[in-house]
Amino acid sequence: MELWEKTAAELIRMLKKREVSSREITESVLKRIEEKEESTHAFITVTRETALEQADQADKRLRKEKHLPPLNGIPVAVKDVLCTKGIRTTAGSSILGNYIPPYDATVVKRVLRSGAVLVGKTNMDEFAMGSSTENSAFGVTRNPLDPDRVAGGSSGGAAAAVAAGETILSIGSDTGGSIRLPAAFCGVAGIKPTYGRVSRHGLISYASSLDQVGALGKTVEDCALLLNLICGHDRRDTTSADMEVPDFRRSLNKGIKGLRIGLPREYFVEGIDPQVKERIMAAVERLSQNGAHIVDVSLPHTRYAISTYYLVATAEASSNLARYDGVKYGMRSGEEVTDSVNLYEATRSEGFGKEVKRRIMLGTFVLSAGYYDAYYLKAQQVRSLIKRGFDRAFENVDCMVTPVSPCLPFRVGEKITEPLQMYLVDVYTVSLNLAGLPGMSVNCGMVGHLPVGMQIIGKPFDEETILRVASVYEEIK
Ligand code: GLN
């Protein structure tokens with residue numbers, strides 16, 4: 001078995017026993033990047049030189065220090081939506097094509113402080129707007145399990161890099177499913193924590209009330225390891241929760257006897273690929289055989305989730321993206337301009353891609369006088385109903401299980417010309433962001449060579465139950 005095939009947990013054990021060096025692990029991953037990037041294209045930037053330097057530093061610590069930082073010497077890739085000091089950060093957009101941040105995002109700082117080796121910045125849909133990583137200004141990421149198919153999005157690069165062995169761990173972001181969907185499509189594990197669990201400082205904003213940073217890895221344990229490091233209060237993000245962070249590894253493999261798992265009936269109605277449904281139901285059966293009580297629950301406002309999400313998200317995006325004006329950040333149009341309005345117009349027309357423009361226009365529209373009450377305000381009210389629906393359902397269950405996506409990984413090009421078809425892929429994931437809840441995707445088998453992801457939804461700040469169920473499932477599956 002090659003080093004890039006191993007999990008972070010295995011490699012940490014091997015490093016501690018001095019069976020391997022971080023240099024060897026990092027070289028194995030970098031070599032894999034060389035071999036796989038042509039077909040996968042998971043990265044926008046590969047930080048080869050600094051990675052090898054960081055690996056050597058990790059090896060030095062290994063030789064000298066008694067108490068090693070928790071991720072010492074382990075390769076981590078970071079979605080290109082998180083600022084990295086001195087390393088280009090594009091958010092998948094031409095408008096930030098040459099942007100080099102003067103600071104590290106809090107999560108990046110934390111991960112580097114824990115001894116990790118940064119191997120590069122992963123590809124994504126422009127400003128995280130998309131479900132397939134086809135909306136990147138830097139080319140499409142392809143699914144390592146089938147290069148004709150998409151890797152999911154918007155953290156497609158993050159998931160594909162883990163699946164292809166081009167990194168050991170990945171950090172992604174999730175506004176409406178962007179960690180869970182690509183994790184499901186690439187057959188890896190990915191968790192979106194509760195809103196507020198992880199600092200958003202240095203995360204390039206898409207929709208600030210929905211955005212959350214999270215972890216991807218080959219296994220549930222690897223996600224828990226990374227989660228341990230990135231969670232926690234940050235005074236630079238006022239929405240980050242000042243709460244104690246448990247050691248998430250303690251939740252693993254605790255058994256699920258007596259646990260009440262809800263199946264929201266609205267998630268299993270028409271629109272779902274029967275093969276996906278069958279895999280999920282088989283997984284539920286396994287959970288039940290291992291002592292969980294399966295409970296029928298209702299989330300009555302599910303059918304409004306997509307429209308609510310696309311109103312709230314685009315409204316916030318239209319405001320957040322107003323800062324890209326050719327003055328303060330990134331690209332400026334080279335066109336002859338006569339005044340500042342001209343400059344904004346030229347820069348934004350050239351710098352933003354089609355989907356981003358569509359969303360800025362939609363968001364501006366729903367916030368405009370005369371339409372605000374009918375669209376934006378209404379969406380906020382429905383958002384409250386969605387949240388309340390979850391609260392009620394959680395009175396009777398400890399967690400819930402659903403599919404991540406109604407469909408299998410689709411072909412590159414299949415949905416890109418039909419925005420509404422693309423939006424529907426998010427039907428099972430966006431509600432969690434609207435309600436601020438944590439959710440995880442774990443693989444629950446294949447249809448042919450294509451993976452199916454099971455979503456486990458937890459109560460606010462109860463990532464532990466999610467990890468508990470996910471880790472048990474991984475064992476019994
Ligand atoms: N696919 C959804 C969107 O396009 C979610 C993306 C995300 O979570 N960043 O908005």
# chains A, B, ... in the order shown; residues from 1 in each chain; ligands from 1
>>> residues_around(residues="Met331 (chain A)", least_positions_apart="2", cutoff="12 Å", atoms="only C-alpha atoms", output="MDAnalysis selection string")
chainID A and resid 90 93:100 323:329 333:335 343:344 346:352
>>> closest_atom_pairs(of="region 63-175 of chain A", to="region 21-35 of chain A", cutoff="8 Å", atoms="only C-alpha atoms", output="Markdown table")
| residue | atom | partner | partner_atom | distance |
| --- | --- | --- | --- | --- |
| A:Gly73 | CA | A:Ser22 | CA | 4.7 |
| A:Ile74 | CA | A:Ser22 | CA | 6.8 |
| A:Pro75 | CA | A:Thr26 | CA | 6.3 |
| A:Val117 | CA | A:Thr26 | CA | 7.7 |
| A:Val119 | CA | A:Leu30 | CA | 7.7 |
| A:Ala164 | CA | A:Arg32 | CA | 7.9 |
| A:Gly165 | CA | A:Val29 | CA | 6.5 |
| A:Glu166 | CA | A:Ile33 | CA | 5.0 |
| A:Thr167 | CA | A:Val29 | CA | 5.9 |
| A:Ile168 | CA | A:Val29 | CA | 7.9 |
>>> residues_near_ligand(ligand="ligand 1", cutoff="10 Å", atoms="only C-alpha atoms and all ligand atoms", output="ChimeraX atom specification")
/A:124-133,135,152-155,172-182,192,205-207,210-212,306,309-310,313-314,317,355-356,359,419,422-427,429-430,433
>>> write_last_selection(atoms="C-alpha atoms", output="short mmCIF file (atom, residue, chain, number, x, y, z; two decimals), in the first residue's frame")
data_model
loop_
_atom_site.label_atom_id
_atom_site.label_comp_id
_atom_site.auth_asym_id
_atom_site.auth_seq_id
_atom_site.Cartn_x
_atom_site.Cartn_y
_atom_site.Cartn_z
CA MET A 124 -14.05 25.22 -6.64
CA ASP A 125 -17.05 26.80 -8.29
CA GLU A 126 -16.53 30.55 -8.56
CA PHE A 127 -17.28 32.09 -5.15
CA ALA A 128 -18.62 28.65 -4.14
CA MET A 129 -21.64 29.09 -6.38
CA GLY A 130 -22.40 25.74 -7.92
CA SER A 131 -22.80 22.02 -7.37
CA SER A 132 -20.32 20.60 -9.84
CA THR A 133 -17.08 22.66 -9.88
CA ASN A 135 -18.25 27.12 -12.65
CA GLY A 152 -19.75 17.68 -7.16
CA GLY A 153 -19.37 21.18 -5.84
CA SER A 154 -18.55 23.65 -4.85
CA SER A 155 -15.67 22.00 -2.91
CA GLY A 172 -13.77 22.89 2.46
CA SER A 173 -16.67 25.27 2.92
CA ASP A 174 -20.39 24.58 2.81
CA THR A 175 -23.10 27.18 2.19
CA GLY A 176 -25.77 24.87 0.81
CA GLY A 177 -24.11 21.48 0.51
CA SER A 178 -20.67 22.24 -0.84
CA ILE A 179 -18.82 19.83 1.43
CA ARG A 180 -21.43 17.09 1.62
CA LEU A 181 -22.25 16.87 -2.08
CA PRO A 182 -18.70 16.50 -3.43
CA LYS A 192 -20.29 20.58 7.76
CA SER A 205 -17.85 35.32 1.88
CA TYR A 206 -20.61 33.95 -0.30
CA ALA A 207 -23.68 34.08 1.98
CA LEU A 210 -25.10 30.19 5.71
CA ASP A 211 -21.34 29.78 5.13
CA GLN A 212 -19.48 27.30 7.30
CA ILE A 306 -34.62 25.36 -2.56
CA TYR A 309 -32.17 29.12 -0.09
CA TYR A 310 -31.72 30.70 -3.51
CA ALA A 313 -28.10 33.12 -0.57
CA THR A 314 -28.25 35.37 -3.62
CA ALA A 317 -24.09 37.30 -2.19
CA GLU A 355 -23.36 32.10 -12.80
CA VAL A 356 -22.00 34.71 -10.41
CA ARG A 359 -26.85 35.44 -8.78
CA PRO A 419 -29.40 26.34 -13.80
CA MET A 422 -28.36 22.22 -11.11
CA TYR A 423 -30.09 23.94 -8.17
CA LEU A 424 -32.28 20.89 -7.59
CA VAL A 425 -29.22 18.78 -6.79
CA ASP A 426 -29.10 20.71 -3.48
CA VAL A 427 -32.60 19.75 -2.42
CA THR A 429 -28.57 19.76 1.73
CA VAL A 430 -29.65 23.42 1.80
CA ASN A 433 -27.61 25.61 6.25
#
>>> select_by_dssp(residues="region 321-411 of chain A", states="alpha helix (DSSP H)", output="MDAnalysis selection string")
chainID A and resid 340:351 354:367 378:393
>>> closest_residue(among="A:Arg149, A:Arg13, A:Lys277, A:Lys109", to="Val447 (chain A)", atoms="only C-alpha atoms")
A:Lys277
>>> atom_distance(atom1="CA of Gln381 (chain A)", atom2="CA of Leu321 (chain A)")
24.2 Å
>>> residues_around(residues="Val213 (chain A)", least_positions_apart="2", cutoff="10 Å", atoms="only C-alpha atoms", output="compact mmCIF listing (two decimals) with N, CA, C and O atoms, in the first residue's frame")
# COMPACT_ATOMS: atom_id res chain seq x y z
N LYS A 79 -9.32 24.56 0.43
CA LYS A 79 -10.16 25.12 -0.64
C LYS A 79 -9.74 26.56 -0.91
O LYS A 79 -9.47 27.31 0.03
N VAL A 81 -10.96 29.19 -1.23
CA VAL A 81 -11.84 30.26 -0.75
C VAL A 81 -11.36 30.75 0.62
O VAL A 81 -11.92 31.66 1.20
N LEU A 82 -10.29 30.11 1.12
CA LEU A 82 -9.74 30.49 2.42
C LEU A 82 -8.40 31.18 2.23
O LEU A 82 -7.52 30.66 1.52
N VAL A 107 -8.74 29.28 10.30
CA VAL A 107 -8.61 27.81 10.20
C VAL A 107 -7.26 27.41 9.61
O VAL A 107 -6.67 26.40 10.01
N ILE A 171 -9.72 20.85 3.68
CA ILE A 171 -10.65 21.77 4.31
C ILE A 171 -11.52 22.36 3.21
O ILE A 171 -11.02 22.81 2.17
N GLY A 172 -12.84 22.34 3.43
CA GLY A 172 -13.77 22.89 2.46
C GLY A 172 -14.69 23.90 3.12
O GLY A 172 -14.56 24.20 4.31
N SER A 173 -15.64 24.41 2.34
CA SER A 173 -16.67 25.27 2.92
C SER A 173 -18.01 24.83 2.37
O SER A 173 -18.09 24.22 1.30
N ASP A 174 -19.07 25.10 3.14
CA ASP A 174 -20.39 24.58 2.81
C ASP A 174 -21.43 25.67 3.11
O ASP A 174 -21.61 26.05 4.26
N THR A 175 -22.08 26.15 2.06
CA THR A 175 -23.10 27.18 2.19
C THR A 175 -24.49 26.59 1.95
O THR A 175 -25.48 27.05 2.50
N SER A 178 -21.94 22.30 -0.12
CA SER A 178 -20.67 22.24 -0.84
C SER A 178 -19.58 21.34 -0.28
O SER A 178 -18.60 21.08 -0.97
N ILE A 179 -19.73 20.86 0.95
CA ILE A 179 -18.82 19.83 1.43
C ILE A 179 -19.47 18.47 1.23
O ILE A 179 -18.86 17.52 0.72
N ILE A 191 -17.76 16.63 6.60
CA ILE A 191 -18.69 17.15 7.60
C ILE A 191 -18.78 18.67 7.57
O ILE A 191 -17.77 19.35 7.49
N LYS A 192 -20.02 19.15 7.58
CA LYS A 192 -20.29 20.58 7.76
C LYS A 192 -20.74 20.76 9.20
O LYS A 192 -21.78 20.27 9.59
N PRO A 193 -19.95 21.43 10.01
CA PRO A 193 -20.33 21.61 11.41
C PRO A 193 -21.48 22.60 11.58
O PRO A 193 -21.91 23.22 10.60
N THR A 194 -21.96 22.72 12.79
CA THR A 194 -22.99 23.70 13.13
C THR A 194 -22.52 25.11 12.77
O THR A 194 -21.33 25.42 12.93
N TYR A 195 -23.45 25.95 12.32
CA TYR A 195 -23.10 27.34 12.06
C TYR A 195 -22.55 27.95 13.36
O TYR A 195 -23.18 27.85 14.41
N GLY A 196 -21.38 28.53 13.28
CA GLY A 196 -20.78 29.12 14.48
C GLY A 196 -19.70 28.26 15.12
O GLY A 196 -18.95 28.73 15.97
N ARG A 197 -19.63 27.01 14.73
CA ARG A 197 -18.65 26.09 15.32
C ARG A 197 -17.21 26.44 14.91
O ARG A 197 -16.26 26.30 15.66
N VAL A 198 -17.10 26.88 13.63
CA VAL A 198 -15.77 27.16 13.07
C VAL A 198 -15.71 28.62 12.65
O VAL A 198 -16.68 29.16 12.11
N SER A 199 -14.58 29.24 12.86
CA SER A 199 -14.41 30.65 12.50
C SER A 199 -14.49 30.84 10.98
O SER A 199 -13.93 30.05 10.22
N ARG A 200 -15.16 31.92 10.58
CA ARG A 200 -15.18 32.26 9.16
C ARG A 200 -14.20 33.38 8.84
O ARG A 200 -14.20 33.89 7.71
N LEU A 203 -12.41 33.50 5.45
CA LEU A 203 -13.18 32.75 4.45
C LEU A 203 -13.81 33.79 3.53
O LEU A 203 -14.51 34.69 4.02
N ASP A 211 -22.70 30.32 5.36
CA ASP A 211 -21.34 29.78 5.13
C ASP A 211 -20.80 29.09 6.39
O ASP A 211 -20.91 29.63 7.49
N ALA A 215 -14.63 19.78 7.20
CA ALA A 215 -13.52 18.87 6.96
C ALA A 215 -13.88 17.71 6.04
O ALA A 215 -15.00 17.21 6.09
N LEU A 227 -11.52 18.15 12.48
CA LEU A 227 -12.54 18.95 13.16
C LEU A 227 -12.03 19.43 14.52
O LEU A 227 -12.25 20.58 14.92
N ILE A 230 -10.02 22.62 13.90
CA ILE A 230 -10.56 23.85 13.30
C ILE A 230 -11.69 24.48 14.11
O ILE A 230 -11.97 25.66 13.95
N CYS A 231 -12.35 23.70 14.96
CA CYS A 231 -13.49 24.25 15.72
C CYS A 231 -13.03 25.15 16.85
O CYS A 231 -11.92 25.04 17.34
>>> residues_around(residues="Asp398 (chain A)", least_positions_apart="4", cutoff="12 Å", atoms="only C-alpha atoms", output="compact mmCIF listing (two decimals) with C-alpha atoms, in the first residue's frame")
# COMPACT_ATOMS: atom_id res chain seq x y z
CA ILE A 256 -25.71 3.11 18.44
CA LYS A 257 -27.91 0.86 20.57
CA GLY A 258 -31.12 2.64 21.46
CA LEU A 259 -30.29 5.72 19.43
CA ARG A 260 -33.36 7.17 17.73
CA ILE A 261 -32.72 7.94 14.08
CA GLY A 262 -35.36 9.92 12.19
CA LEU A 263 -36.21 9.40 8.54
CA ALA A 292 -30.86 1.96 16.34
CA HIS A 293 -34.58 2.77 16.45
CA ILE A 294 -35.75 4.10 13.13
CA VAL A 295 -38.45 6.73 13.55
CA VAL A 297 -40.48 12.10 11.13
CA PHE A 390 -36.28 20.66 12.55
CA ASP A 391 -36.70 21.66 16.21
CA ARG A 392 -39.99 19.78 16.38
CA ALA A 393 -38.67 16.69 14.64
CA PHE A 394 -35.66 16.63 16.95
CA ILE A 456 -26.56 12.32 8.84
CA ILE A 457 -28.13 15.43 10.38
CA GLY A 458 -27.53 16.43 14.00
CA LYS A 459 -28.98 18.85 16.52
CA PRO A 460 -27.20 22.19 16.85
CA ASP A 462 -24.18 17.90 18.37
CA GLU A 463 -21.57 16.86 15.85
CA GLU A 464 -20.74 14.07 18.30
CA THR A 465 -23.89 12.06 17.57
CA ILE A 466 -23.30 12.44 13.85
CA ARG A 468 -20.89 8.35 16.40
CA VAL A 469 -23.45 7.08 13.88
>>> select_by_dssp(residues="region 324-442 of chain A", states="strand (DSSP E)", output="list in words")
Cys399, Met400, Val401, Thr402, Pro403, Gly439, Met440, Ser441 and Val442 of chain A
>>> write_last_selection(atoms="all heavy atoms", output="tab-separated table (two decimals), in the first residue's frame")
chain	number	residue	atom	x	y	z
A	399	CYS	N	-30.92	12.02	15.84
A	399	CYS	CA	-30.34	12.52	14.59
A	399	CYS	C	-31.25	12.06	13.46
A	399	CYS	O	-32.23	11.37	13.70
A	399	CYS	CB	-28.91	12.01	14.40
A	399	CYS	SG	-28.81	10.23	14.18
A	400	MET	N	-30.93	12.48	12.25
A	400	MET	CA	-31.74	12.05	11.11
A	400	MET	C	-30.83	11.54	9.99
A	400	MET	O	-29.67	11.94	9.91
A	400	MET	CB	-32.56	13.21	10.55
A	400	MET	CG	-33.56	13.75	11.53
A	400	MET	SD	-34.50	15.08	10.75
A	400	MET	CE	-34.96	15.99	12.23
A	401	VAL	N	-31.40	10.69	9.16
A	401	VAL	CA	-30.65	10.17	8.02
A	401	VAL	C	-31.43	10.42	6.74
A	401	VAL	O	-32.65	10.19	6.70
A	401	VAL	CB	-30.37	8.65	8.21
A	401	VAL	CG1	-30.01	8.00	6.90
A	401	VAL	CG2	-29.26	8.45	9.23
A	402	THR	N	-30.73	10.92	5.73
A	402	THR	CA	-31.34	11.20	4.42
A	402	THR	C	-30.29	10.92	3.33
A	402	THR	O	-29.12	10.71	3.66
A	402	THR	CB	-31.75	12.68	4.28
A	402	THR	OG1	-30.57	13.48	4.07
A	402	THR	CG2	-32.47	13.20	5.52
A	403	PRO	N	-30.70	10.96	2.06
A	403	PRO	CA	-29.67	10.98	1.02
A	403	PRO	C	-28.96	12.34	1.05
A	403	PRO	O	-29.52	13.30	1.58
A	403	PRO	CB	-30.45	10.84	-0.28
A	403	PRO	CG	-31.86	10.56	0.10
A	403	PRO	CD	-32.05	10.99	1.52
A	439	GLY	N	-24.14	18.57	9.52
A	439	GLY	CA	-24.48	17.42	8.70
A	439	GLY	C	-23.24	16.79	8.11
A	439	GLY	O	-22.24	17.46	7.91
A	440	MET	N	-23.35	15.49	7.87
A	440	MET	CA	-22.17	14.78	7.36
A	440	MET	C	-22.58	13.88	6.21
A	440	MET	O	-23.69	13.37	6.18
A	440	MET	CB	-21.58	13.94	8.48
A	440	MET	CG	-20.36	13.13	8.07
A	440	MET	SD	-19.39	12.65	9.48
A	440	MET	CE	-17.80	12.42	8.70
A	441	SER	N	-21.65	13.69	5.28
A	441	SER	CA	-21.86	12.71	4.22
A	441	SER	C	-20.91	11.54	4.42
A	441	SER	O	-19.71	11.75	4.58
A	441	SER	CB	-21.60	13.36	2.86
A	441	SER	OG	-21.64	12.39	1.84
A	442	VAL	N	-21.47	10.34	4.46
A	442	VAL	CA	-20.63	9.14	4.48
A	442	VAL	C	-21.04	8.23	3.34
A	442	VAL	O	-22.22	8.15	3.00
A	442	VAL	CB	-20.74	8.31	5.79
A	442	VAL	CG1	-19.85	8.84	6.86
A	442	VAL	CG2	-22.16	8.20	6.26
